[in-house]
$ cat input.pdb   # PDB, C-alpha atoms and all ligand atoms
ATOM      1  CA  MET X   1     -30.871  43.144  -0.752  1.00  0.00           C
ATOM      2  CA  ASN X   2     -27.795  40.989  -0.451  1.00  0.00           C
ATOM      3  CA  THR X   3     -26.932  39.252  -3.708  1.00  0.00           C
ATOM      4  CA  GLN X   4     -23.984  37.284  -2.364  1.00  0.00           C
ATOM      5  CA  THR X   5     -24.378  33.629  -1.580  1.00  0.00           C
ATOM      6  CA  ALA X   6     -23.907  32.505   2.001  1.00  0.00           C
ATOM      7  CA  THR X   7     -20.627  30.828   1.045  1.00  0.00           C
ATOM      8  CA  GLN X   8     -19.229  34.004  -0.499  1.00  0.00           C
ATOM      9  CA  PHE X   9     -20.388  36.053   2.444  1.00  0.00           C
ATOM     10  CA  ASN X  10     -18.850  33.674   4.978  1.00  0.00           C
ATOM     11  CA  GLU X  11     -15.575  33.573   3.036  1.00  0.00           C
ATOM     12  CA  ILE X  12     -15.328  37.341   3.360  1.00  0.00           C
ATOM     13  CA  LEU X  13     -15.830  37.047   7.117  1.00  0.00           C
ATOM     14  CA  ASP X  14     -13.132  34.327   7.222  1.00  0.00           C
ATOM     15  CA  LYS X  15     -10.709  36.658   5.463  1.00  0.00           C
ATOM     16  CA  LYS X  16     -11.464  39.374   7.991  1.00  0.00           C
ATOM     17  CA  GLY X  17     -10.412  36.988  10.741  1.00  0.00           C
ATOM     18  CA  TYR X  18     -13.839  35.931  11.964  1.00  0.00           C
ATOM     19  CA  LYS X  19     -14.221  32.582  13.670  1.00  0.00           C
ATOM     20  CA  CYS X  20     -16.857  30.230  12.280  1.00  0.00           C
ATOM     21  CA  LEU X  21     -19.056  28.584  14.908  1.00  0.00           C
ATOM     22  CA  GLY X  22     -20.887  26.422  12.371  1.00  0.00           C
ATOM     23  CA  TRP X  23     -24.621  25.814  12.166  1.00  0.00           C
ATOM     24  CA  ALA X  24     -26.659  26.839  15.189  1.00  0.00           C
ATOM     25  CA  ASN X  25     -29.097  24.013  14.411  1.00  0.00           C
ATOM     26  CA  GLY X  26     -26.339  21.490  15.081  1.00  0.00           C
ATOM     27  CA  TRP X  27     -25.347  22.765  18.510  1.00  0.00           C
ATOM     28  CA  ASN X  28     -26.092  20.804  21.669  1.00  0.00           C
ATOM     29  CA  SER X  29     -25.196  23.836  23.744  1.00  0.00           C
ATOM     30  CA  LEU X  30     -24.170  27.409  22.955  1.00  0.00           C
ATOM     31  CA  PRO X  31     -20.503  27.851  22.003  1.00  0.00           C
ATOM     32  CA  LEU X  32     -18.479  29.667  24.642  1.00  0.00           C
ATOM     33  CA  GLU X  33     -17.770  32.536  22.233  1.00  0.00           C
ATOM     34  CA  LEU X  34     -21.469  33.159  21.692  1.00  0.00           C
ATOM     35  CA  LYS X  35     -22.287  32.910  25.392  1.00  0.00           C
ATOM     36  CA  LYS X  36     -19.711  35.628  25.976  1.00  0.00           C
ATOM     37  CA  CYS X  37     -21.201  37.730  23.170  1.00  0.00           C
ATOM     38  CA  ILE X  38     -24.733  37.414  24.564  1.00  0.00           C
ATOM     39  CA  HIS X  39     -23.465  38.239  28.050  1.00  0.00           C
ATOM     40  CA  LEU X  40     -21.823  41.428  26.720  1.00  0.00           C
ATOM     41  CA  GLU X  41     -25.106  42.328  24.962  1.00  0.00           C
ATOM     42  CA  HIS X  42     -23.520  42.961  21.604  1.00  0.00           C
ATOM     43  CA  ASN X  43     -25.621  43.781  18.587  1.00  0.00           C
ATOM     44  CA  ARG X  44     -25.278  40.835  16.257  1.00  0.00           C
ATOM     45  CA  THR X  45     -26.050  41.398  12.603  1.00  0.00           C
ATOM     46  CA  ARG X  46     -28.381  39.016  10.824  1.00  0.00           C
ATOM     47  CA  VAL X  47     -27.992  38.534   7.076  1.00  0.00           C
ATOM     48  CA  GLU X  48     -30.594  36.445   5.290  1.00  0.00           C
ATOM     49  CA  HIS X  49     -29.228  34.951   2.083  1.00  0.00           C
ATOM     50  CA  ASN X  50     -32.576  33.834   0.769  1.00  0.00           C
ATOM     51  CA  ARG X  51     -36.196  34.788   1.274  1.00  0.00           C
ATOM     52  CA  ARG X  52     -37.124  31.666   3.185  1.00  0.00           C
ATOM     53  CA  GLY X  53     -34.596  32.375   5.904  1.00  0.00           C
ATOM     54  CA  SER X  54     -33.214  28.886   5.514  1.00  0.00           C
ATOM     55  CA  ASP X  55     -29.702  30.212   5.001  1.00  0.00           C
ATOM     56  CA  THR X  56     -28.887  32.994   7.394  1.00  0.00           C
ATOM     57  CA  THR X  57     -25.574  34.255   8.746  1.00  0.00           C
ATOM     58  CA  ILE X  58     -25.399  35.970  12.116  1.00  0.00           C
ATOM     59  CA  TYR X  59     -22.191  37.727  13.038  1.00  0.00           C
ATOM     60  CA  CYS X  60     -20.738  39.945  15.736  1.00  0.00           C
ATOM     61  CA  GLY X  61     -18.254  42.583  14.615  1.00  0.00           C
ATOM     62  CA  GLU X  62     -16.928  42.981  18.145  1.00  0.00           C
ATOM     63  CA  CYS X  63     -16.291  39.311  18.969  1.00  0.00           C
ATOM     64  CA  LYS X  64     -15.446  38.477  15.339  1.00  0.00           C
ATOM     65  CA  ILE X  65     -17.558  35.365  15.352  1.00  0.00           C
ATOM     66  CA  TYR X  66     -20.214  34.156  12.961  1.00  0.00           C
ATOM     67  CA  TYR X  67     -22.594  31.260  12.613  1.00  0.00           C
ATOM     68  CA  SER X  68     -25.256  29.993  10.253  1.00  0.00           C
ATOM     69  CA  VAL X  69     -28.907  29.439  11.041  1.00  0.00           C
ATOM     70  CA  ASP X  70     -31.609  27.553   9.217  1.00  0.00           C
ATOM     71  CA  SER X  71     -34.733  29.248  10.523  1.00  0.00           C
ATOM     72  CA  SER X  72     -37.078  27.697   7.990  1.00  0.00           C
ATOM     73  CA  ASP X  73     -37.927  24.687  10.157  1.00  0.00           C
TER      74      ASP X  73
HETATM   75 ZN    ZN X 101     -20.091  39.931  20.399  1.00  0.00          ZN
END

$ encode --input "input.pdb" --output "structure tokens"
Amino acid sequence: MNTQTATQFNEILDKKGYKCLGWANGWNSLPLELKKCIHLEHNRTRVEHNRRGSDTTIYCGECKIYYSVDSSD
């Protein structure tokens, strides 16, 4: 189980040169970077920071992008 907070986790990704795409819930349309990632059929890693799934980071190690999802609603 991951004991880091979402903020700590995302900071580590920032330091590794990942680009933050923000909260998926706030998007009107998919960011270009993510469209590309989906098109290339990459395996994106999902990290849930709490049990409710209300604070989840999804990242792609190949595209070096990440975004947050609130899947509790
Ligand atoms: Zn990707």

$ closest_residue --input "input.pdb" --among "X:Gln8, X:Trp23, X:Leu13, X:Ser68" --to "X:Glu48" --atoms "all atoms listed in the file"
X:Ser68

$ closest_atom_pairs --input "input.pdb" --of "chain X" --to "ligand ZN 101 (chain X)" --cutoff "8 Å" --atoms "all atoms listed in the file" --output "CSV"
residue,atom,partner,partner_atom,distance
X:Glu33,CA,X:ZN101,ZN,8.0
X:Leu34,CA,X:ZN101,ZN,7.0
X:Lys36,CA,X:ZN101,ZN,7.1
X:Cys37,CA,X:ZN101,ZN,3.7
X:Ile38,CA,X:ZN101,ZN,6.7
X:Leu40,CA,X:ZN101,ZN,6.7
X:Glu41,CA,X:ZN101,ZN,7.2
X:His42,CA,X:ZN101,ZN,4.7
X:Asn43,CA,X:ZN101,ZN,7.0
X:Arg44,CA,X:ZN101,ZN,6.7
X:Tyr59,CA,X:ZN101,ZN,8.0
X:Cys60,CA,X:ZN101,ZN,4.7
X:Gly61,CA,X:ZN101,ZN,6.6
X:Glu62,CA,X:ZN101,ZN,4.9
X:Cys63,CA,X:ZN101,ZN,4.1
X:Lys64,CA,X:ZN101,ZN,7.0
X:Ile65,CA,X:ZN101,ZN,7.3

$ residues_around --input "input.pdb" --residues "X:Asp55" --least-positions-apart "2" --cutoff "6 Å" --atoms "all atoms listed in the file" --output "list in words"
His49, Gly53 and Asp70 of chain X

$ resolve_selection --input "input.pdb" --expression "the PyMOL selection byres (((chain X and resi 69) around 12) and not hetatm)" --output "PyMOL selection string"
chain X and resi 6+21-27+46-50+52-59+66-68+70-73

$ write_last_selection --input "input.pdb" --atoms "C-alpha atoms" --output "PDB file, in the frame of the given file"
ATOM      1  CA  ALA X   6     -23.907  32.505   2.001  1.00  0.00           C
ATOM      2  CA  LEU X  21     -19.056  28.584  14.908  1.00  0.00           C
ATOM      3  CA  GLY X  22     -20.887  26.422  12.371  1.00  0.00           C
ATOM      4  CA  TRP X  23     -24.621  25.814  12.166  1.00  0.00           C
ATOM      5  CA  ALA X  24     -26.659  26.839  15.189  1.00  0.00           C
ATOM      6  CA  ASN X  25     -29.097  24.013  14.411  1.00  0.00           C
ATOM      7  CA  GLY X  26     -26.339  21.490  15.081  1.00  0.00           C
ATOM      8  CA  TRP X  27     -25.347  22.765  18.510  1.00  0.00           C
ATOM      9  CA  ARG X  46     -28.381  39.016  10.824  1.00  0.00           C
ATOM     10  CA  VAL X  47     -27.992  38.534   7.076  1.00  0.00           C
ATOM     11  CA  GLU X  48     -30.594  36.445   5.290  1.00  0.00           C
ATOM     12  CA  HIS X  49     -29.228  34.951   2.083  1.00  0.00           C
ATOM     13  CA  ASN X  50     -32.576  33.834   0.769  1.00  0.00           C
ATOM     14  CA  ARG X  52     -37.124  31.666   3.185  1.00  0.00           C
ATOM     15  CA  GLY X  53     -34.596  32.375   5.904  1.00  0.00           C
ATOM     16  CA  SER X  54     -33.214  28.886   5.514  1.00  0.00           C
ATOM     17  CA  ASP X  55     -29.702  30.212   5.001  1.00  0.00           C
ATOM     18  CA  THR X  56     -28.887  32.994   7.394  1.00  0.00           C
ATOM     19  CA  THR X  57     -25.574  34.255   8.746  1.00  0.00           C
ATOM     20  CA  ILE X  58     -25.399  35.970  12.116  1.00  0.00           C
ATOM     21  CA  TYR X  59     -22.191  37.727  13.038  1.00  0.00           C
ATOM     22  CA  TYR X  66     -20.214  34.156  12.961  1.00  0.00           C
ATOM     23  CA  TYR X  67     -22.594  31.260  12.613  1.00  0.00           C
ATOM     24  CA  SER X  68     -25.256  29.993  10.253  1.00  0.00           C
ATOM     25  CA  ASP X  70     -31.609  27.553   9.217  1.00  0.00           C
ATOM     26  CA  SER X  71     -34.733  29.248  10.523  1.00  0.00           C
ATOM     27  CA  SER X  72     -37.078  27.697   7.990  1.00  0.00           C
ATOM     28  CA  ASP X  73     -37.927  24.687  10.157  1.00  0.00           C
TER      29      ASP X  73
END

$ axis_aligned_box --input "input.pdb" --around "stretch 11-20 of chain X" --padding-each-side "3 Å" --output "AutoDock Vina command-line options"
--center_x -13.6 --center_y 34.8 --center_z 8.4 --size_x 12.4 --size_y 15.1 --size_z 16.6

$ atom_distance --input "input.pdb" --atom1 "atom CA of X:Gln4" --atom2 "atom CA of X:Asn28"
29.2 Å

$ closest_residue --input "input.pdb" --among "X:Asp14, X:Thr45, X:Thr5, X:Lys19" --to "X:Pro31" --atoms "only C-alpha atoms"
X:Lys19

$ decode --input "input.pdb" --residues "chain X" --atoms "C-alpha atoms" --output "PDB file, in the first residue's frame"
ATOM      1  CA  MET X   1       0.000   0.000   0.000  1.00  0.00           C
ATOM      2  CA  ASN X   2       1.225   3.457  -0.860  1.00  0.00           C
ATOM      3  CA  THR X   3       1.719   5.615   2.217  1.00  0.00           C
ATOM      4  CA  GLN X   4       2.703   8.771   0.361  1.00  0.00           C
ATOM      5  CA  THR X   5       0.205  11.547  -0.062  1.00  0.00           C
ATOM      6  CA  ALA X   6      -0.858  12.481  -3.570  1.00  0.00           C
ATOM      7  CA  THR X   7       1.083  15.743  -3.291  1.00  0.00           C
ATOM      8  CA  GLN X   8       4.302  13.971  -2.331  1.00  0.00           C
ATOM      9  CA  PHE X   9       3.814  11.413  -5.056  1.00  0.00           C
ATOM     10  CA  ASN X  10       3.165  14.055  -7.712  1.00  0.00           C
ATOM     11  CA  GLU X  11       6.192  16.071  -6.580  1.00  0.00           C
ATOM     12  CA  ILE X  12       8.379  13.040  -7.206  1.00  0.00           C
ATOM     13  CA  LEU X  13       6.948  12.737 -10.715  1.00  0.00           C
ATOM     14  CA  ASP X  14       7.605  16.473 -11.260  1.00  0.00           C
ATOM     15  CA  LYS X  15      11.236  15.982 -10.272  1.00  0.00           C
ATOM     16  CA  LYS X  16      11.533  13.120 -12.733  1.00  0.00           C
ATOM     17  CA  GLY X  17      10.440  15.485 -15.485  1.00  0.00           C
ATOM     18  CA  TYR X  18       6.822  14.403 -15.805  1.00  0.00           C
ATOM     19  CA  LYS X  19       4.289  16.863 -17.147  1.00  0.00           C
ATOM     20  CA  CYS X  20       1.200  17.485 -15.028  1.00  0.00           C
ATOM     21  CA  LEU X  21      -2.075  17.464 -16.957  1.00  0.00           C
ATOM     22  CA  GLY X  22      -4.148  18.450 -13.924  1.00  0.00           C
ATOM     23  CA  TRP X  23      -7.437  16.931 -12.818  1.00  0.00           C
ATOM     24  CA  ALA X  24      -9.212  14.741 -15.347  1.00  0.00           C
ATOM     25  CA  ASN X  25     -12.541  15.821 -13.835  1.00  0.00           C
ATOM     26  CA  GLY X  26     -11.858  19.386 -14.956  1.00  0.00           C
ATOM     27  CA  TRP X  27     -11.152  18.615 -18.600  1.00  0.00           C
ATOM     28  CA  ASN X  28     -13.553  19.613 -21.360  1.00  0.00           C
ATOM     29  CA  SER X  29     -11.650  17.423 -23.786  1.00  0.00           C
ATOM     30  CA  LEU X  30      -8.687  15.061 -23.499  1.00  0.00           C
ATOM     31  CA  PRO X  31      -5.276  16.767 -23.456  1.00  0.00           C
ATOM     32  CA  LEU X  32      -3.262  16.167 -26.608  1.00  0.00           C
ATOM     33  CA  GLU X  33      -0.565  14.338 -24.629  1.00  0.00           C
ATOM     34  CA  LEU X  34      -3.075  11.834 -23.287  1.00  0.00           C
ATOM     35  CA  LYS X  35      -4.722  11.325 -26.671  1.00  0.00           C
ATOM     36  CA  LYS X  36      -1.296  10.424 -28.019  1.00  0.00           C
ATOM     37  CA  CYS X  37      -0.697   8.061 -25.093  1.00  0.00           C
ATOM     38  CA  ILE X  38      -4.032   6.291 -25.604  1.00  0.00           C
ATOM     39  CA  HIS X  39      -3.364   6.042 -29.337  1.00  0.00           C
ATOM     40  CA  LEU X  40       0.009   4.377 -28.642  1.00  0.00           C
ATOM     41  CA  GLU X  41      -1.734   1.959 -26.235  1.00  0.00           C
ATOM     42  CA  HIS X  42       0.663   2.543 -23.387  1.00  0.00           C
ATOM     43  CA  ASN X  43       0.117   0.931 -20.027  1.00  0.00           C
ATOM     44  CA  ARG X  44      -0.683   3.745 -17.647  1.00  0.00           C
ATOM     45  CA  THR X  45      -0.155   3.119 -13.960  1.00  0.00           C
ATOM     46  CA  ARG X  46      -2.925   3.961 -11.532  1.00  0.00           C
ATOM     47  CA  VAL X  47      -2.012   4.849  -7.953  1.00  0.00           C
ATOM     48  CA  GLU X  48      -4.838   5.299  -5.476  1.00  0.00           C
ATOM     49  CA  HIS X  49      -3.817   7.525  -2.580  1.00  0.00           C
ATOM     50  CA  ASN X  50      -6.819   6.721  -0.453  1.00  0.00           C
ATOM     51  CA  ARG X  51      -9.326   3.910  -0.167  1.00  0.00           C
ATOM     52  CA  ARG X  52     -12.221   5.867  -1.596  1.00  0.00           C
ATOM     53  CA  GLY X  53     -10.426   6.460  -4.869  1.00  0.00           C
ATOM     54  CA  SER X  54     -11.135  10.154  -4.576  1.00  0.00           C
ATOM     55  CA  ASP X  55      -7.466  11.006  -4.982  1.00  0.00           C
ATOM     56  CA  THR X  56      -5.838   8.957  -7.681  1.00  0.00           C
ATOM     57  CA  THR X  57      -2.794   9.618  -9.846  1.00  0.00           C
ATOM     58  CA  ILE X  58      -2.491   8.038 -13.273  1.00  0.00           C
ATOM     59  CA  TYR X  59       0.839   8.260 -15.030  1.00  0.00           C
ATOM     60  CA  CYS X  60       2.602   7.008 -18.135  1.00  0.00           C
ATOM     61  CA  GLY X  61       6.302   6.247 -17.801  1.00  0.00           C
ATOM     62  CA  GLU X  62       6.774   6.384 -21.561  1.00  0.00           C
ATOM     63  CA  CYS X  63       5.086   9.733 -22.261  1.00  0.00           C
ATOM     64  CA  LYS X  64       6.146  11.155 -18.879  1.00  0.00           C
ATOM     65  CA  ILE X  65       2.740  12.595 -18.192  1.00  0.00           C
ATOM     66  CA  TYR X  66       0.492  12.325 -15.174  1.00  0.00           C
ATOM     67  CA  TYR X  67      -2.927  13.465 -14.088  1.00  0.00           C
ATOM     68  CA  SER X  68      -5.219  13.237 -11.095  1.00  0.00           C
ATOM     69  CA  VAL X  69      -8.641  11.645 -10.976  1.00  0.00           C
ATOM     70  CA  ASP X  70     -11.427  11.874  -8.451  1.00  0.00           C
ATOM     71  CA  SER X  71     -13.313   8.657  -9.109  1.00  0.00           C
ATOM     72  CA  SER X  72     -15.465   8.853  -6.001  1.00  0.00           C
ATOM     73  CA  ASP X  73     -18.296  10.741  -7.704  1.00  0.00           C
TER      74      ASP X  73
END
